[in-house]
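Coordinates as given in query28.txt (compact mmCIF, C-alpha atoms):
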# COMPACT_ATOMS: atom_id res chain seq x y z
CA MET N 1 4.37 41.73 -56.60
CA GLN N 2 3.04 39.83 -53.63
CA ASP N 3 6.32 39.40 -51.72
CA PRO N 4 6.12 40.66 -48.14
CA LEU N 5 8.34 43.41 -46.79
CA ASN N 6 9.64 41.10 -44.09
CA ASP N 7 13.23 42.13 -44.49
CA ALA N 8 12.51 45.87 -44.27
CA PRO N 9 13.99 47.36 -41.07
CA ASP N 10 11.53 48.89 -38.66
CA PHE N 11 12.54 52.44 -39.52
CA LYS N 12 11.85 52.09 -43.28
CA ARG N 13 9.00 54.16 -44.73
CA VAL N 14 5.96 51.96 -45.38
CA ILE N 15 2.75 53.44 -46.80
CA LEU N 16 -0.59 51.61 -46.94
CA HIS N 17 -3.44 52.64 -49.25
CA LEU N 18 -6.97 51.41 -48.58
CA ASP N 19 -9.57 51.50 -51.36
CA MET N 20 -13.09 50.17 -50.82
CA ASP N 21 -14.42 47.90 -53.58
CA ALA N 22 -17.30 49.47 -55.59
CA PHE N 23 -18.19 51.32 -52.41
CA PHE N 24 -21.60 52.90 -53.15
CA THR N 25 -23.10 49.83 -54.78
CA SER N 26 -21.51 47.47 -52.27
CA VAL N 27 -23.22 49.37 -49.44
CA GLU N 28 -26.55 48.97 -51.24
CA GLN N 29 -25.94 45.24 -51.72
CA ALA N 30 -24.90 44.80 -48.09
CA ASP N 31 -28.04 46.60 -46.87
CA ASP N 32 -30.38 44.72 -49.22
CA PRO N 33 -29.38 41.06 -49.77
CA ARG N 34 -31.79 40.88 -52.72
CA LEU N 35 -29.28 42.99 -54.66
CA GLN N 36 -26.43 40.54 -54.12
CA GLY N 37 -25.10 39.29 -57.46
CA GLN N 38 -27.20 41.76 -59.45
CA PRO N 39 -25.87 44.60 -61.65
CA VAL N 40 -26.46 47.75 -59.58
CA VAL N 41 -25.97 51.33 -60.74
CA ILE N 42 -26.20 54.50 -58.64
CA GLY N 43 -28.09 57.05 -60.71
CA GLN N 44 -31.62 57.11 -62.10
CA SER N 45 -32.18 60.33 -64.01
CA LEU N 46 -32.00 59.85 -67.78
CA ARG N 47 -30.32 63.26 -67.89
CA GLY N 48 -27.67 62.31 -65.36
CA VAL N 49 -24.66 60.05 -65.09
CA ALA N 50 -23.80 56.91 -63.16
CA SER N 51 -22.18 57.78 -59.84
CA ALA N 52 -21.06 54.17 -59.38
CA ALA N 53 -21.49 50.69 -60.82
CA SER N 54 -21.21 47.30 -59.13
CA TYR N 55 -18.73 44.74 -60.45
CA GLU N 56 -21.67 42.84 -61.94
CA ALA N 57 -22.69 46.00 -63.86
CA ARG N 58 -19.12 46.66 -64.99
CA LYS N 59 -19.14 43.35 -66.84
CA TYR N 60 -21.61 44.99 -69.23
CA GLY N 61 -19.28 47.95 -69.77
CA ILE N 62 -20.96 50.36 -67.36
CA ARG N 63 -18.55 52.79 -65.70
CA SER N 64 -18.68 55.73 -63.31
CA ALA N 65 -19.62 59.04 -65.02
CA MET N 66 -21.29 57.18 -67.93
CA PRO N 67 -24.63 58.73 -69.02
CA ILE N 68 -27.55 56.78 -67.54
CA VAL N 69 -29.13 56.49 -71.01
CA GLN N 70 -26.06 54.65 -72.25
CA ALA N 71 -25.88 52.48 -69.13
CA LYS N 72 -29.50 51.37 -69.61
CA LYS N 73 -28.78 50.41 -73.21
CA LEU N 74 -25.81 48.30 -72.12
CA CYS N 75 -27.74 46.59 -69.33
CA PRO N 76 -31.52 47.19 -69.36
CA HIS N 77 -32.09 44.75 -66.48
CA ALA N 78 -29.67 46.52 -64.10
CA VAL N 79 -31.05 47.94 -60.85
CA PHE N 80 -30.80 51.75 -60.97
CA LEU N 81 -30.89 53.39 -57.53
CA PRO N 82 -30.94 57.09 -56.52
CA GLY N 83 -28.12 56.74 -54.01
CA ARG N 84 -28.05 57.50 -50.27
CA MET N 85 -25.19 59.87 -49.58
CA SER N 86 -25.85 60.10 -45.85
CA ARG N 87 -25.62 56.30 -45.58
CA TYR N 88 -22.37 56.17 -47.54
CA ARG N 89 -20.84 58.82 -45.31
CA GLU N 90 -22.02 56.94 -42.21
CA ILE N 91 -20.32 53.72 -43.36
CA SER N 92 -17.24 55.68 -44.43
CA GLY N 93 -16.97 57.05 -40.89
CA LYS N 94 -16.99 53.53 -39.45
CA ILE N 95 -14.27 52.40 -41.87
CA MET N 96 -12.04 55.36 -41.08
CA ASN N 97 -12.46 54.78 -37.34
CA ILE N 98 -11.34 51.16 -37.78
CA MET N 99 -8.34 52.32 -39.77
CA ARG N 100 -7.35 55.00 -37.24
CA ALA N 101 -7.57 52.46 -34.40
CA LEU N 102 -4.97 50.26 -36.12
CA CYS N 103 -2.73 52.70 -38.01
CA PRO N 104 -0.69 55.46 -36.35
CA VAL N 105 -1.16 58.15 -39.05
CA VAL N 106 -4.19 58.16 -41.40
CA GLU N 107 -5.11 60.58 -44.21
CA GLN N 108 -8.61 60.20 -45.62
CA ALA N 109 -8.38 60.91 -49.36
CA SER N 110 -12.10 60.55 -50.18
CA VAL N 111 -15.27 58.92 -48.93
CA ASP N 112 -13.95 55.46 -49.83
CA GLU N 113 -10.15 55.59 -49.64
CA ALA N 114 -7.35 56.57 -47.28
CA TYR N 115 -3.59 56.43 -46.82
CA ALA N 116 -1.76 55.32 -43.68
CA ASP N 117 1.89 55.67 -42.72
CA ILE N 118 2.62 52.40 -40.94
CA SER N 119 6.39 52.86 -40.68
CA GLY N 120 7.67 51.55 -37.37
CA THR N 121 4.88 49.04 -36.76
CA LEU N 122 6.94 45.96 -37.64
CA ARG N 123 7.58 44.98 -34.00
CA ILE N 124 3.90 45.45 -33.12
CA PHE N 125 2.10 43.76 -36.02
CA GLY N 126 4.91 41.95 -37.79
CA PRO N 127 5.14 42.32 -41.59
CA PRO N 128 2.90 45.07 -43.04
CA GLU N 129 0.71 42.40 -44.66
CA ASN N 130 -0.33 41.24 -41.21
CA LEU N 131 -1.70 44.68 -40.38
CA ALA N 132 -3.38 44.90 -43.81
CA ARG N 133 -5.10 41.52 -43.37
CA ARG N 134 -6.34 42.51 -39.93
CA LEU N 135 -7.65 45.81 -41.32
CA LYS N 136 -9.48 44.05 -44.13
CA ALA N 137 -10.95 41.48 -41.72
CA GLU N 138 -12.22 44.10 -39.25
CA ILE N 139 -13.83 46.15 -42.02
CA LEU N 140 -15.52 43.04 -43.42
CA SER N 141 -16.74 42.00 -39.98
CA ASP N 142 -18.10 45.44 -39.07
CA THR N 143 -19.58 46.52 -42.42
CA ASN N 144 -19.85 43.35 -44.55
CA LEU N 145 -17.80 45.18 -47.21
CA THR N 146 -14.56 44.22 -48.93
CA CYS N 147 -11.62 46.47 -49.69
CA SER N 148 -8.33 46.34 -51.54
CA VAL N 149 -5.02 47.34 -49.96
CA GLY N 150 -1.70 48.40 -51.46
CA ILE N 151 1.60 48.55 -49.57
CA ALA N 152 4.64 50.39 -50.93
CA PRO N 153 7.48 52.78 -50.01
CA ASN N 154 5.40 55.87 -50.91
CA LYS N 155 1.88 57.11 -51.55
CA PHE N 156 1.64 56.98 -55.33
CA LEU N 157 2.98 53.41 -55.52
CA ALA N 158 0.67 52.32 -52.68
CA LYS N 159 -2.31 53.70 -54.59
CA ILE N 160 -1.30 51.85 -57.75
CA ALA N 161 -0.83 48.66 -55.71
CA SER N 162 -4.32 48.86 -54.16
CA ASP N 163 -5.82 48.87 -57.65
CA TRP N 164 -3.67 45.99 -58.87
CA ASP N 165 -5.79 43.05 -57.74
CA LYS N 166 -9.34 44.31 -57.20
CA PRO N 167 -11.66 43.38 -55.65
CA GLY N 168 -10.43 42.18 -52.27
CA GLY N 169 -6.74 42.37 -53.20
CA LEU N 170 -3.61 42.84 -51.13
CA THR N 171 -0.53 43.86 -53.13
CA SER N 172 2.93 44.78 -51.83
CA ILE N 173 5.67 46.50 -53.79
CA ARG N 174 9.07 45.95 -52.18
CA PRO N 175 11.57 48.82 -52.44
CA ALA N 176 13.96 46.58 -54.40
CA ASP N 177 11.19 45.76 -56.89
CA VAL N 178 10.23 49.35 -57.70
CA PRO N 179 12.43 49.80 -60.84
CA THR N 180 11.21 46.55 -62.41
CA PHE N 181 7.60 47.32 -61.47
CA LEU N 182 7.74 50.79 -63.04
CA HIS N 183 9.48 49.51 -66.18
CA GLU N 184 6.34 47.55 -67.10
CA LEU N 185 3.85 50.17 -65.88
CA PRO N 186 1.64 52.03 -68.42
CA LEU N 187 1.95 55.81 -67.98
CA GLY N 188 -1.81 56.07 -67.49
CA LYS N 189 -1.52 54.08 -64.27
CA ILE N 190 0.49 56.87 -62.63
CA PRO N 191 -1.91 59.05 -60.56
CA GLY N 192 -1.87 62.54 -62.04
CA VAL N 193 -1.11 61.44 -65.61
CA GLY N 194 -4.57 61.82 -67.14
CA LYS N 195 -5.79 61.34 -70.70
CA HIS N 196 -4.85 64.83 -71.88
CA PHE N 197 -1.33 64.56 -70.47
CA GLN N 198 -0.95 61.10 -72.03
CA GLU N 199 -1.99 62.44 -75.43
CA GLU N 200 0.50 65.30 -75.13
CA LEU N 201 3.26 62.80 -74.32
CA ARG N 202 2.19 60.49 -77.13
CA ARG N 203 2.68 63.30 -79.63
CA ILE N 204 6.40 63.40 -78.73
CA GLY N 205 6.74 59.62 -78.79
CA VAL N 206 6.59 59.01 -75.03
CA THR N 207 4.29 56.11 -74.10
CA THR N 208 6.21 54.18 -71.43
CA VAL N 209 8.24 54.82 -68.28
CA PRO N 210 11.52 53.89 -70.05
CA HIS N 211 10.73 56.60 -72.62
CA VAL N 212 10.51 59.12 -69.78
CA LEU N 213 13.75 57.94 -68.19
CA ALA N 214 15.57 58.15 -71.52
CA ARG N 215 15.68 61.93 -71.02
CA PRO N 216 17.12 63.71 -67.94
CA ARG N 217 14.93 65.47 -65.38
CA ALA N 218 16.28 68.82 -66.56
CA TYR N 219 14.81 68.20 -70.01
CA TRP N 220 11.34 67.50 -68.61
CA SER N 221 11.51 70.44 -66.22
CA GLU N 222 12.54 72.83 -69.02
CA THR N 223 9.98 71.61 -71.57
CA MET N 224 6.96 70.99 -69.32
CA GLY N 225 7.75 72.82 -66.09
CA LYS N 226 6.37 71.34 -62.88
CA ARG N 227 4.42 68.67 -64.76
CA GLY N 228 7.60 67.46 -66.43
CA ALA N 229 9.53 67.30 -63.16
CA PHE N 230 6.58 65.49 -61.56
CA LEU N 231 6.50 62.95 -64.38
CA HIS N 232 10.23 62.20 -64.16
CA ASP N 233 10.06 61.83 -60.38
CA ARG N 234 7.21 59.35 -60.62
CA ALA N 235 9.00 57.41 -63.37
CA CYS N 236 11.92 57.10 -60.94
CA GLY N 237 9.58 55.94 -58.18
CA ILE N 238 10.04 59.17 -56.20
CA ASP N 239 7.23 60.57 -54.07
CA ASP N 240 8.13 62.27 -50.79
CA SER N 241 4.63 63.56 -50.04
CA PRO N 242 3.73 62.81 -46.42
CA VAL N 243 0.59 61.18 -45.07
CA VAL N 244 -1.24 64.17 -43.59
CA PRO N 245 -4.10 63.51 -41.15
CA GLY N 246 -7.06 65.86 -41.11
CA HIS N 247 -7.07 66.99 -44.76
CA ASP N 248 -8.29 70.59 -44.85
CA PRO N 249 -10.83 71.25 -47.64
CA LYS N 250 -10.68 74.60 -49.43
CA SER N 251 -14.35 74.76 -50.43
CA CYS N 252 -17.73 73.07 -50.15
CA SER N 253 -19.92 72.68 -53.21
CA ALA N 254 -22.98 70.91 -54.60
CA GLU N 255 -24.40 70.74 -58.10
CA ASN N 256 -27.23 68.97 -59.89
CA THR N 257 -27.93 67.93 -63.45
CA LEU N 258 -31.60 68.68 -64.04
CA GLU N 259 -34.15 66.17 -65.29
CA ARG N 260 -34.98 68.57 -68.15
CA ASP N 261 -33.38 71.76 -69.44
CA THR N 262 -35.30 74.67 -67.98
CA LEU N 263 -35.69 78.45 -67.82
CA ASP N 264 -38.00 78.16 -64.81
CA ARG N 265 -36.32 80.35 -62.18
CA THR N 266 -38.62 79.05 -59.44
CA LEU N 267 -37.42 75.51 -60.10
CA LEU N 268 -33.79 76.64 -60.23
CA GLU N 269 -34.19 78.41 -56.87
CA ARG N 270 -35.60 75.22 -55.32
CA TRP N 271 -32.45 73.41 -56.38
CA LEU N 272 -30.36 76.22 -54.90
CA LEU N 273 -32.16 75.68 -51.60
CA ILE N 274 -31.38 71.97 -51.57
CA GLN N 275 -27.74 72.73 -52.36
CA ALA N 276 -27.53 75.48 -49.74
CA GLU N 277 -28.92 73.05 -47.15
CA ARG N 278 -26.25 70.49 -48.02
CA ILE N 279 -23.37 72.99 -48.07
CA GLY N 280 -24.46 74.72 -44.86
CA ARG N 281 -24.59 71.43 -43.01
CA GLU N 282 -21.16 70.44 -44.31
CA LEU N 283 -19.67 73.78 -43.27
CA ARG N 284 -21.12 73.48 -39.78
CA GLY N 285 -19.76 69.97 -39.51
CA LEU N 286 -16.29 71.26 -40.45
CA GLY N 287 -16.54 74.14 -38.00
CA LYS N 288 -15.91 76.66 -40.79
CA LYS N 289 -17.58 79.63 -42.43
CA GLY N 290 -17.06 80.96 -45.94
CA LEU N 291 -16.83 84.49 -47.29
CA THR N 292 -17.36 83.74 -50.99
CA VAL N 293 -20.45 82.18 -52.60
CA THR N 294 -20.15 81.00 -56.22
CA LEU N 295 -22.96 80.11 -58.61
CA LYS N 296 -22.30 77.66 -61.46
CA ILE N 297 -24.63 77.28 -64.43
CA LYS N 298 -24.26 74.93 -67.40
CA PHE N 299 -26.54 75.58 -70.36
CA LYS N 300 -28.25 73.35 -72.90
CA ASP N 301 -25.28 73.60 -75.30
CA PHE N 302 -22.89 72.59 -72.43
CA SER N 303 -21.37 76.07 -72.19
CA SER N 304 -21.04 77.21 -68.60
CA ILE N 305 -20.58 80.30 -66.45
CA THR N 306 -19.55 80.95 -62.84
CA ARG N 307 -20.41 84.04 -60.84
CA SER N 308 -19.14 84.86 -57.34
CA ARG N 309 -20.20 87.15 -54.52
CA THR N 310 -18.11 88.06 -51.47
CA LEU N 311 -20.14 88.51 -48.31
CA THR N 312 -19.61 91.13 -45.63
CA ARG N 313 -18.93 88.42 -43.05
CA PRO N 314 -18.24 84.68 -43.22
CA THR N 315 -21.23 82.38 -42.92
CA ASP N 316 -22.35 78.79 -42.50
CA ILE N 317 -26.06 79.74 -42.36
CA THR N 318 -28.19 78.03 -44.99
CA THR N 319 -30.46 81.02 -45.66
CA GLU N 320 -27.51 83.39 -46.13
CA ILE N 321 -25.85 81.05 -48.61
CA LEU N 322 -29.17 80.67 -50.43
CA GLU N 323 -29.80 84.42 -50.52
CA ALA N 324 -26.38 85.11 -52.05
CA ALA N 325 -26.92 82.39 -54.67
CA ARG N 326 -30.40 83.72 -55.49
CA LYS N 327 -29.03 87.22 -56.09
CA LEU N 328 -26.36 85.81 -58.40
CA LEU N 329 -29.02 83.88 -60.33
CA ALA N 330 -31.32 86.92 -60.54
CA ALA N 331 -28.53 88.93 -62.15
CA GLU N 332 -28.20 86.43 -65.03
CA LYS N 333 -30.35 86.73 -68.16
CA LEU N 334 -30.23 82.97 -68.95
CA PRO N 335 -29.84 83.16 -72.75
CA GLN N 336 -30.78 79.48 -73.10
CA PRO N 337 -32.24 76.67 -70.95
CA VAL N 338 -30.20 75.52 -67.96
CA ARG N 339 -28.91 71.94 -67.82
CA LEU N 340 -26.97 72.06 -64.52
CA ILE N 341 -26.89 74.40 -61.54
CA GLY N 342 -24.67 74.45 -58.49
CA ILE N 343 -23.34 76.47 -55.54
CA GLY N 344 -19.92 76.62 -53.94
CA VAL N 345 -18.71 78.32 -50.76
CA SER N 346 -15.03 79.12 -50.33
CA ASN N 347 -12.59 81.55 -48.71
CA PHE N 348 -13.00 79.75 -45.39
CA ARG N 349 -12.69 81.13 -41.90
CA PHE N 350 -12.71 79.02 -38.75
CA VAL N 351 -15.84 79.58 -36.66
CA GLN N 352 -13.74 80.48 -33.61
CA ALA N 353 -11.91 83.18 -35.55
CA GLU N 354 -15.03 85.22 -36.39
CA LEU N 355 -14.98 88.63 -34.68
CA PRO N 356 -18.02 89.47 -32.55
CA LEU N 357 -20.49 91.83 -34.25
CA MET N 358 -23.66 93.57 -33.13
CA PRO N 359 -26.33 91.04 -32.09
CA ASP N 360 -28.66 90.06 -34.93
CA ALA N 361 -31.87 88.39 -33.76
CA ASN N 362 -32.84 87.08 -37.21
CA ARG N 363 -29.38 85.62 -37.75
CA LYS N 364 -29.50 83.97 -34.33
CA ARG N 365 -32.84 82.36 -35.14
CA SER N 366 -31.46 81.07 -38.44
CA GLN N 367 -28.46 79.58 -36.65
CA LYS N 368 -30.69 77.83 -34.10
CA LEU N 369 -32.94 76.46 -36.85
CA ASP N 370 -29.93 75.10 -38.76
CA GLN N 371 -28.55 73.46 -35.62
CA ALA N 372 -31.92 71.87 -34.78
CA MET N 373 -32.29 70.49 -38.32
CA ASP N 374 -28.70 69.18 -38.22
CA ARG N 375 -29.47 67.24 -35.03
CA ILE N 376 -32.59 65.69 -36.56
CA ARG N 377 -30.73 64.71 -39.74
CA ASP N 378 -27.82 63.27 -37.78
CA LYS N 379 -30.26 61.03 -35.94
CA PHE N 380 -32.79 60.14 -38.64
CA GLY N 381 -31.02 60.73 -41.97
CA SER N 382 -30.49 63.60 -44.42
CA THR N 383 -34.01 63.45 -45.90
CA SER N 384 -35.83 63.20 -42.55
CA ILE N 385 -36.57 66.94 -42.51
CA LEU N 386 -36.75 69.50 -45.33
CA ARG N 387 -37.78 73.14 -45.50
CA ALA N 388 -41.25 73.68 -46.98
CA GLU N 389 -39.82 75.43 -50.04
CA ALA N 390 -37.77 72.36 -51.03
CA ALA N 391 -40.43 70.83 -53.28
CA VAL N 392 -37.81 69.11 -55.45
CA ARG N 393 -36.94 65.74 -53.96
CA GLU N 394 -33.35 65.63 -52.73
CA THR N 395 -33.07 62.01 -53.86
CA GLU N 396 -33.20 63.28 -57.45
CA ALA N 397 -29.77 64.84 -56.96
CA ILE N 398 -26.93 63.52 -59.09
CA GLU N 399 -23.93 63.58 -56.72
CA ASP N 400 -21.07 62.00 -58.61
CA LEU N 401 -18.68 61.79 -55.66
CA LEU N 402 -16.50 59.16 -57.30
CA SER N 403 -16.14 61.29 -60.41
CA GLN N 404 -15.23 64.29 -58.24
CA LYS N 405 -12.64 62.17 -56.49
CA ASN N 406 -11.10 61.07 -59.78
CA ARG N 407 -10.94 64.63 -61.08
CA THR N 408 -9.19 65.74 -57.89
CA LEU N 409 -6.65 62.92 -57.99
CA ASN N 410 -5.85 63.63 -61.65
CA GLY N 411 -5.30 67.30 -60.93
CA GLN N 412 -8.12 68.37 -63.21
Let me see the file written as structure tokens.
Amino acid sequence: MQDPLNDAPDFKRVILHLDMDAFFTSVEQADDPRLQGQPVVIGQSLRGVASAASYEARKYGIRSAMPIVQAKKLCPHAVFLPGRMSRYREISGKIMNIMRALCPVVEQASVDEAYADISGTLRIFGPPENLARRLKAEILSDTNLTCSVGIAPNKFLAKIASDWDKPGGLTSIRPADVPTFLHELPLGKIPGVGKHFQEELRRIGVTTVPHVLARPRAYWSETMGKRGAFLHDRACGIDDSPVVPGHDPKSCSAENTLERDTLDRTLLERWLLIQAERIGRELRGLGKKGLTVTLKIKFKDFSSITRSRTLTRPTDITTEILEAARKLLAAEKLPQPVRLIGIGVSNFRFVQAELPLMPDANRKRSQKLDQAMDRIRDKFGSTSILRAEAAVRETEAIEDLLSQKNRTLNGQ
């Protein structure tokens, strides 16, 4: 579906979706030319999973969220790297700035993708493909990275289009072509229709879009509720969701799969410190404070628990987040070794909305320390300064951002 939208009037709704190509590994290859053409995987711990795989690694069957042990069996000569989250976020910021300079309304969906509403730009840039090509060229020039772009009448079709011709693709779906395009589309390609939903549909004989359209919307709404109505709408090509700039997160979290299962509480508390550092910095960057701290633990047998604690006042202070998490951990008996541990902070309040309380000298010192460390990290990188207690190397962290993104997009 490569036909341009030349004949679309200026007032028609036109949505663009940008998706960077193998973002994490492409950044590594751009920064180190020796990695060009080599299979590269983000993730080193034999207990962890691959956060990302280059296109060269994918040829061997390696995929995001695959256990590192399995990835090494598939491609023993691949280059396994720990990942540099601060660098990926830095490059992501540059890409989003380029996009915002060209597109009137931009919604960042994750570290490596964004939507733009480019309706009404026909007289400025010409056909939407012109703007897309300029966007791709400026990103390539500034970052040495390629991206894929989809153009369509709405967000879900634009996202499908951006994945249609990777890497480096540019795919347009004209409004008149939507019914034909959807008729041939596998249900699994529709964002939000994950494996479990597909299996549920397969059990009632529904495997294609025409199967969905064979029954009225009322049937789907009555039998499957909101999911059924959603499915029928997408099968009809309907998606009225707007492009919303400045997506407002509801929580900040961090978790780590440990190198070995452990009952060592001292080690677990060191991981909590690293996670509290990361979450505190993210909260301060967002200008928010959270009232609720949640501890997540996954055990050796993959069973898991979550425990939450509501604070007396909202916080973005690293030591306060850590202290709450430590108390939650101390209250748990740990019936078996721990495989994964994590912290989340939610129930946000804007910093400006916090009511003044009695002065607290210790709290003020903690705030100043956090701010000073933030400035150093902003200038020299996230691992440039660590608290003395953080004996566990932060580069050992398994941050599967792409997997998190996929879970969010699939509504899981």
Exercise. Hey, can you pull every residue with an atom no more than 6 Å from (-33.0, 65.8, -62.0), using only C-alpha atoms, and send it as JSON, numbers by chain?
Worked result: {"N": [45, 257, 258, 259, 396]}
Keeping only C-alpha atoms, write the selected residues as a compact mmCIF listing (two decimals), keeping the file's coordinate frame.
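Here's the written file result16.txt:
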# COMPACT_ATOMS: atom_id res chain seq x y z
CA SER N 45 -32.18 60.33 -64.01
CA THR N 257 -27.93 67.93 -63.45
CA LEU N 258 -31.60 68.68 -64.04
CA GLU N 259 -34.15 66.17 -65.29
CA GLU N 396 -33.20 63.28 -57.45
For this session: List the neighbours of N:Ile279 out to 7 Å using all atoms listed in the file; skip same-chain residues closer than 4 positions along the sequence, and give me the result as a PyMOL selection string.
Result: chain N and resi 252-254+275+283
For this session: Excluding N:Leu81 and residues on its chain fewer than 6 positions from it, collect all residues at most 7 Å away from it, counting all atoms listed in the file, and give them as a PyMOL selection string.
Result: chain N and resi 41-44
For this session: Would you kindly return, as a list in words, each protein, DNA or RNA residue with an atom no farther than 8 Å from any atom of N:Pro67, considering all atoms listed in the file and excluding same-chain residues fewer than 6 positions away?
Result: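 Listed by chain and then number, they are Leu46, Arg47, Gly48, Val49 and Ala50 of chain N.
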Quick one: residues within 12 Å of N:Asp301, all atoms listed in the file counted, chain neighbours fewer than 6 positions away excluded, as a JSON list (two decimals) with C-alpha atoms, in the frame of the given file?
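This is the output file part-v9.json:
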[["chain", "number", "residue", "atom", "x", "y", "z"],
["N", 261, "ASP", "CA", -33.38, 71.76, -69.44],
["N", 335, "PRO", "CA", -29.84, 83.16, -72.75],
["N", 336, "GLN", "CA", -30.78, 79.48, -73.10],
["N", 337, "PRO", "CA", -32.24, 76.67, -70.95],
["N", 338, "VAL", "CA", -30.20, 75.52, -67.96],
["N", 339, "ARG", "CA", -28.91, 71.94, -67.82],
["N", 340, "LEU", "CA", -26.97, 72.06, -64.52]]
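Within 6 Å of the point (-19.8, 81.2, -39.9), counting only C-alpha atoms, the protein and nucleic acid residues come to N:Lys289, N:Pro314, N:Thr315, N:Asp316, N:Val351.
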Just C-alpha atoms for this one: save the residues we selected as a compact mmCIF listing (two decimals), keeping the file's coordinate frame.
# COMPACT_ATOMS: atom_id res chain seq x y z
CA LYS N 289 -17.58 79.63 -42.43
CA PRO N 314 -18.24 84.68 -43.22
CA THR N 315 -21.23 82.38 -42.92
CA ASP N 316 -22.35 78.79 -42.50
CA VAL N 351 -15.84 79.58 -36.66
Problem set entry | Spatial neighbours of stretch 236-250 of chain N, max dist 10 Å, only C-alpha atoms, sep filter under 4 positions, as a PyMOL selection string | chain N and resi 15-16+100+104-110+114-118+153-157+175+178-179+181-183+209-210+212-213+217+230-232+286+290+345-348
Exercise. From the list N:Ala218, N:Glu277, N:Lys226, N:Lys296, which residue is nearest N:Glu255 when using only C-alpha atoms?
Worked result: N:Lys296
Exercise. Expressed in Å to a single decimal, how great is the separation between atom CA of N:Lys12 and atom CA of N:Lys189?
Worked result: 25.0 Å
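Note that atom CA of N:Asp163 and atom CA of N:Ile124 are 26.6 Å apart.
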For this session: For atom CA of N:Ile305 and atom CA of N:Val293, determine how far apart the two atoms are, in Å to one decimal place.
Result: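 For atom CA of N:Ile305 relative to atom CA of N:Val293, the distance reads 14.0 Å.
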Mind working out the centre and edge lengths of an axis-aligned box for stretch 267-275 of chain N, all listed atoms inside, 3 Å added to each side, rounded to one decimal in Å and written as lines of an AutoDock Vina configuration file?
center_x = -32.6
center_y = 75.2
center_z = -55.9
size_x = 15.7
size_y = 12.4
size_z = 14.7
Problem set entry | Nearest to N:Leu35 by atom-to-atom distance, counting all atoms listed in the file, from N:Val79, N:Ala52, N:Ile68, N:Leu131 | N:Val79
